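For reference, the structure is listed below as structure tokens.
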Amino acid sequence: MEIFLQQIVNGLAIGSIYALVAIGYTMVYGVMKLINFAHGDLVALAAYVGLTVLMQAFGMHITNLWAIILMFVITALFISLCGVVLERLAYRPLRKAPRLSAVVSALGASLAIENGIMLIWGPNIKVFPSNVFPNMRWHISGVVINSTQIAILLLSVILMLALYIFINKTKIGTAIRATAIDQDAAKLMGINVNGIIIAIFALGSFLGSIGGLFIGIYYRELYFQMGWIYGLNAFIAAIIGGIGNIPGAMLGGMLLGIFNVLIAGYVSNSWSEALTFVLLIIILIIKPTGILGERVAEKV
Amino acid sequence: MKKNFVWYGVFFAIAIIYPHFVDPSWVDIGTTFALYSVVALSQDIVLGKAGMFDMGHATFFGIGAYTAAILNTTYNIPIMYTIPIAIALSALFGIIISWPIIHLRGDYLLVATIGFNIIFYQALQNNVFGLTGGPNGIFGIGTPVIFGINIASQKAIYYFAWFILLITMLIIYNIDKSKLGRAFHYLRESEVAAESFGVNKRFYKVLAFALGAGLASLAGVIFAVQYAAVSPQTFNFTQSVLFFTIVIVGGPSSIPGILLGTFVMFVVPQFFREFATARYFVFGIAMILTMILRPQGICPARFGKLPKYIFKES
């Protein structure tokens with residue numbers, strides 16, 4: 001039982017990272033009906049940029065806390081900008097093109113970012129310092145929780161709540177929801193659709209970059225192809241929850257995180273990816289739109 | 001139409017004399033080009049013709065290669081006899097895999113097929129039933145013998161692969177001209193309209209998968225023969241992405257487009273081997289640029305046009 005609870009705690013930490021990244025996929029898909037394959041690589045890029053900023057900040061004789069804040073702020077701003085540039089260069093020219101052309105463009109962008117990381121930081125594994133968050137542990141009836149997990153969980157929940165309020169309570173949020181439902185009608189209502197698309201790319205990349213930094217802090221090892229694996233997992237999380245649905249992405253992320261650690265803990269590590277997809281395919285067969293997705297009637 | 005046949009004649013004439021002018025490593029690239037073209041053409045049946053987003057086609061390529069490898073090395077069955085078994089097995093797999101997921105719309109299907117590819121890959125890696133040889137794969141695959149002639153030399157395998165490509169192109173050409181091709185085309189353009197005209201949606205979609213799987217598997221067998229070995233990496237999900245990209249970059253449902261796509265996506269990177277570190281960075285950007293400049297593919301398919309008076313009103 002204690003081992004099980006321990007796994008759940010670990011799963012929630014990983015799950016909140018998946019959830020943060022999954023939101024980026026789900027928002028872009030919701031509005032543009034495009035699988036943004038480059039999102040995972042932006043997440044990887046965030047981890048690398050974060051590491052570089054952190055190392056520079058540690059060298060500047062400021063307190064650790066300020067160094068960490070600096071890392072989060074600079075990385076998040078930079079990756080949001082990257083997301084916007086990506087949309088402008090790779091996706092906007094293809095908005096009227098066949099959907100699969102945009103998918104190939106996304107795959108190309110993913111390849112370019114992945115290998116760009118390799119060209120800048122080299123093909124070898126980079127390691128995050130272990131003391132980013134103060135190394136504290138709490139023992140609660142046999143379950144060990146460390147400060148990194150607490151920080152990840154807390155920050156993720158705060159960010160996701162903020163996003164939820166932003167999407168549901170503000171004017172821009174309403175515009176985003178309207179654009180997701182019908183772009184043309186949104187245009188007629190005076191919504192600047194291009195502006196909204198820029199906003200969702202900035203927001204999605206922002207949350208993804210936080211996810212990327214958490215990956216760096218939690219797993220510590222960075223390699224240039226890692227965007228694919230985390231991206232794919234996060235994307236599965238988005239689909240499990242119901243793609244295009246923001247609370248669904250959060251739920252899917254948490255579920256997938258817990259599922260992953262339980263598989264790794266109780267079944268086998270070497271089958272974990274395959275079993276993740278078995279879960280996905282079963283869910284797609286039973287409920288093709290994901291857990292919280294709504295069935296959209298096909299118009300003729 | 002006649003003009004097209006002239007071009008195909010020139011294409012195959014160049015292919016016939018090609019191995020006599022280049023060094024062995026380029027003969028190998030020529031062989032692999034033919035095999036990848038076969039896989040891309042088979043993927044096109046599903047992706048381009050029937051319009052189903054399939055990003056897991058390397059699975060069927062791999063099933064062919066591994067079936068031939070396992071039957072040949074473990075059970076000593078000659079390669080020529082493994083070909084029909086591999087095709088049948090892969091087509092069966094195509095039916096079994098696609099049956100439950102065929103109703104999924106666009107991107108969901110894409111993700112489900114990615115899933116099958118990754119499950120297949122991990123199964124190979126984990127040496128299921130002790131047959132697949134784990135991460136190292138299987139070595140020492142034999143060569144096919146046709147009418148007493150052993151196809152063992154590099155050039156013989158090259159010509160064999162090109163012969164398979166020729167057959168595949170004929171099959172694809174005939175599918176295009178038949179009821180089958182029209183049904184696929186119809187399903188891609190509008191499922192609802194196709195159904196209302198009596199096209200059995202599920203049957204034709206599953207059939208597209210079965211055909212695509214069978215053809216890809218044929219290429220897989222020859223691929224295993226070419227390298228005398230199979231290993232999981234060659235049938236990874238990234239390989240599926242390559243086949244998918246070939247079809248979209250070249251031009252869905254267009255034979256010259258797909259041949260051109262295979263050339264651009266597989267042969268061109270071979271020229272830049274010296275720049276190994278930077279080439280995929282440039283390659284990714286080139287993919288984006290190609291799609292922006294030619295959103296329909298480099299050489300898009302041309303279909304018969306509707307007469308003008310149909311559009312006059314609008």
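Residues are referred to by chain and number: the chain letter is A, B, ... according to the order shown in the structure tokens, the number counts from 1 in that chain, and ligands are numbered separately from 1 in the order shown.
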List the neighbours of B:Thr238 out to 10 Å using only C-alpha atoms; skip same-chain residues closer than 2 positions along the sequence, and give me the result as a ChimeraX atom specification. /B:55-56,58,114,117-118,233-236,240-244
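Running DSSP on the backbone gives strand (DSSP E or B) for these residues within stretch 120-278 of chain A: A:Lys126, A:Val127, A:Arg137, A:Trp138, A:His139, A:Ile140, A:Val143, A:Val144, A:Ile145, A:Asn146, A:Glu221, A:Leu222.
Counting only C-alpha atoms, stretch 283-285 of chain A has the following residues at most 9 Å away, ignoring those fewer than 2 positions along the same chain: Ile239, Ile240, Val278, Leu279, Leu280, Ile281, Lys287, Pro288, Thr289, Gly290 and Ile291 of chain A; Pro100, Ile101, His103, Leu104, Tyr108 and Ala112 of chain B.
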Let's see if you can do this: from backbone DSSP, list all helix (DSSP H, G or I) residues in stretch 54-286 of chain B, as a ChimeraX atom specification. /B:58-75,79-101,106-125,128-130,134-136,154-177,179-189,191-196,201-227,232-235,237-250,255-271,273-286
Using only C-alpha atoms, pick whichever of A:Leu77, A:Leu262, A:Leu153, A:Leu34 has the shortest atom-to-atom distance to A:Pro98.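 Smallest distance to A:Pro98 is found for A:Leu34.
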Closest pair table for chain B residues within 9 Å of chain A, only C-alpha atoms, as a tab-separated table:
```
residue	atom	partner	partner_atom	distance
B:Phe53	CA	A:Leu100	CA	8.3
B:Pro100	CA	A:Ile285	CA	6.7
B:Ile101	CA	A:Ile285	CA	6.5
B:His103	CA	A:Pro288	CA	8.9
B:Leu104	CA	A:Pro288	CA	6.7
B:Arg105	CA	A:Pro288	CA	8.5
B:Asp107	CA	A:Ile35	CA	7.8
B:Tyr108	CA	A:Leu284	CA	7.7
B:Val111	CA	A:Ile236	CA	8.1
B:Ala112	CA	A:Ile281	CA	6.0
B:Ile114	CA	A:Phe277	CA	8.6
B:Gly115	CA	A:Phe277	CA	5.1
B:Phe116	CA	A:Phe277	CA	7.5
B:Ile118	CA	A:Ala274	CA	6.0
B:Ile119	CA	A:Ala274	CA	4.3
B:Phe120	CA	A:Ala274	CA	8.0
B:Tyr121	CA	A:Ala274	CA	8.4
B:Gln122	CA	A:Ala274	CA	6.3
B:Ala123	CA	A:Trp271	CA	8.0
B:Gln125	CA	A:Ser270	CA	8.5
B:Asn126	CA	A:Ser270	CA	7.1
B:Val192	CA	A:Val300	CA	7.4
B:Ala193	CA	A:Val300	CA	9.0
B:Val241	CA	A:Leu107	CA	8.2
B:Phe244	CA	A:Val104	CA	8.3
B:Thr245	CA	A:Val104	CA	6.2
B:Ile248	CA	A:Ser101	CA	6.5
B:Val249	CA	A:Ser101	CA	7.7
B:Thr277	CA	A:Leu119	CA	7.0
B:Ala278	CA	A:Leu119	CA	7.0
B:Arg279	CA	A:Asn115	CA	8.6
B:Tyr280	CA	A:Asn115	CA	6.3
B:Phe281	CA	A:Ala112	CA	4.3
B:Val282	CA	A:Ala112	CA	6.8
B:Phe283	CA	A:Ala112	CA	7.2
B:Gly284	CA	A:Gly108	CA	3.9
B:Ile285	CA	A:Ala112	CA	6.0
B:Ala286	CA	A:Gly108	CA	7.5
B:Met287	CA	A:Gly108	CA	5.1
B:Ile288	CA	A:Ser105	CA	4.4
B:Leu289	CA	A:Ser105	CA	7.9
B:Thr290	CA	A:Ser105	CA	8.4
B:Met291	CA	A:Ser101	CA	5.9
B:Ile292	CA	A:Pro93	CA	6.1
B:Arg294	CA	A:Ser101	CA	8.9
B:Pro295	CA	A:Ala97	CA	5.8
B:Gln296	CA	A:Pro98	CA	7.1
B:Gly297	CA	A:Ser101	CA	8.0
```
Write out as a PDB file with N, CA and C atoms, in the first residue's frame which residues come within 8 Å of B:Ile164 when counting only C-alpha atoms, dropping same-chain ones fewer than 4 positions away.
```pdb
ATOM      1  N   LEU B  35      12.764   0.186 -53.111  1.00  0.00           N
ATOM      2  CA  LEU B  35      11.949  -0.429 -52.058  1.00  0.00           C
ATOM      3  C   LEU B  35      11.146   0.618 -51.291  1.00  0.00           C
ATOM      4  N   VAL B  38       8.241   1.612 -53.237  1.00  0.00           N
ATOM      5  CA  VAL B  38       7.148   0.637 -53.136  1.00  0.00           C
ATOM      6  C   VAL B  38       6.367   0.879 -51.839  1.00  0.00           C
ATOM      7  N   PHE B 160      16.081  -6.908 -59.011  1.00  0.00           N
ATOM      8  CA  PHE B 160      14.913  -7.545 -58.420  1.00  0.00           C
ATOM      9  C   PHE B 160      14.026  -6.489 -57.761  1.00  0.00           C
ATOM     10  N   THR B 168       4.625  -2.987 -58.725  1.00  0.00           N
ATOM     11  CA  THR B 168       3.811  -2.158 -57.834  1.00  0.00           C
ATOM     12  C   THR B 168       3.165  -1.006 -58.603  1.00  0.00           C
ATOM     13  N   ALA B 219       7.806  -5.258 -50.080  1.00  0.00           N
ATOM     14  CA  ALA B 219       9.040  -4.475 -50.066  1.00  0.00           C
ATOM     15  C   ALA B 219       9.909  -4.868 -48.879  1.00  0.00           C
TER      16      ALA B 219
END
```
Using only C-alpha atoms, which protein or nucleic acid residues come within 10 Å of A:Leu163? Drop anything in the same chain fewer than 2 positions from it, and give the result as a compact mmCIF listing (two decimals) with C-alpha atoms, in the first residue's frame.
```
# COMPACT_ATOMS: atom_id res chain seq x y z
CA ILE A 23 -2.37 22.08 -22.77
CA VAL A 157 -1.92 23.57 -10.23
CA ILE A 158 -1.57 27.37 -9.85
CA LEU A 159 -0.77 27.80 -13.55
CA MET A 160 -3.60 25.55 -14.66
CA LEU A 161 -6.10 27.29 -12.40
CA ILE A 165 -9.88 31.37 -15.09
CA PHE A 166 -8.25 33.21 -18.00
CA ILE A 167 -10.05 31.09 -20.58
CA ASN A 168 -13.43 31.18 -18.86
CA LYS A 169 -13.63 34.59 -17.24
CA GLY A 173 -10.51 33.86 -23.09
CA LEU A 203 0.22 30.68 -24.03
CA LEU A 207 3.06 26.49 -20.26
CA ILE A 246 -8.37 22.26 -21.54
CA PRO A 247 -9.61 20.59 -18.32
```
Pick out the residues sitting within 6 Å of stretch 209-218 of chain B, and hand them over as a ChimeraX atom specification; count only C-alpha atoms, and ignore anything fewer than 2 positions along from it in its own chain. /B:39,42-43,45-46,60-61,64,87,90-91,94-95,206-207,220-221
All residues 8 Å or closer to stretch 200-202 of chain B, only C-alpha atoms, same chain fewer than 6 positions away omitted, as a short mmCIF file (atom, residue, chain, number, x, y, z; two decimals) with C-alpha atoms, in the first residue's frame:
```cif
data_model
loop_
_atom_site.label_atom_id
_atom_site.label_comp_id
_atom_site.auth_asym_id
_atom_site.auth_seq_id
_atom_site.Cartn_x
_atom_site.Cartn_y
_atom_site.Cartn_z
CA ILE B 102 -11.32 2.48 -38.94
CA HIS B 103 -14.18 4.70 -37.81
CA LEU B 187 -14.35 8.09 -49.93
CA GLU B 191 -17.54 9.81 -47.07
CA ALA B 194 -19.77 7.91 -51.16
#
```
For atom CA of A:Gly24 and atom CA of B:Ile246, quote the distance in Å rounded to one decimal.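 Atom CA of A:Gly24 sits 27.3 Å away from atom CA of B:Ile246.
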To one decimal place in Å, what is the distance between atom CA of B:Tyr36 and atom CA of B:Leu109? 22.8 Å
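Across the structure, atom CA of B:Thr113 and atom CA of A:Gly241 are spaced 18.7 Å apart.
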For each of A:Trp66, A:Tyr223, A:Phe78, A:Tyr218, take the minimum atom-to-atom distance to A:Lys126, counting only C-alpha atoms, then give the residue where this is smallest.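 Going through A:Trp66, A:Tyr223, A:Phe78, A:Tyr218 one by one, the smallest distance to A:Lys126 is for A:Tyr223.
Proximity to B:Ala183 was assessed for B:Phe139, B:Tyr75, B:Phe197, B:Trp99 counting only C-alpha atoms; the smallest distance is recorded for B:Phe197.
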Using only C-alpha atoms, what table do you get, as a tab-separated table, when you list each residue of stretch 208-228 of chain A with an atom no more than 10 Å from stretch 79-85 of chain A, its nearest pair of atoms, and their distance in Å rounded to one decimal, rows by chain then rising number?
```
residue	atom	partner	partner_atom	distance
A:Gly208	CA	A:Ile79	CA	8.4
A:Ser209	CA	A:Ile79	CA	6.2
A:Ile210	CA	A:Ile79	CA	9.5
```
Which stretch 211-289 of chain B residues have any atom within 12 Å of an atom of stretch 10-15 of chain B, and for each, what is the nearest pair of atoms with distance in Å to one decimal, counting only C-alpha atoms, rows sorted by chain and number, as a tab-separated table?
```
residue	atom	partner	partner_atom	distance
B:Pro256	CA	B:Phe11	CA	10.2
B:Leu259	CA	B:Phe11	CA	10.3
B:Leu260	CA	B:Phe11	CA	11.3
```
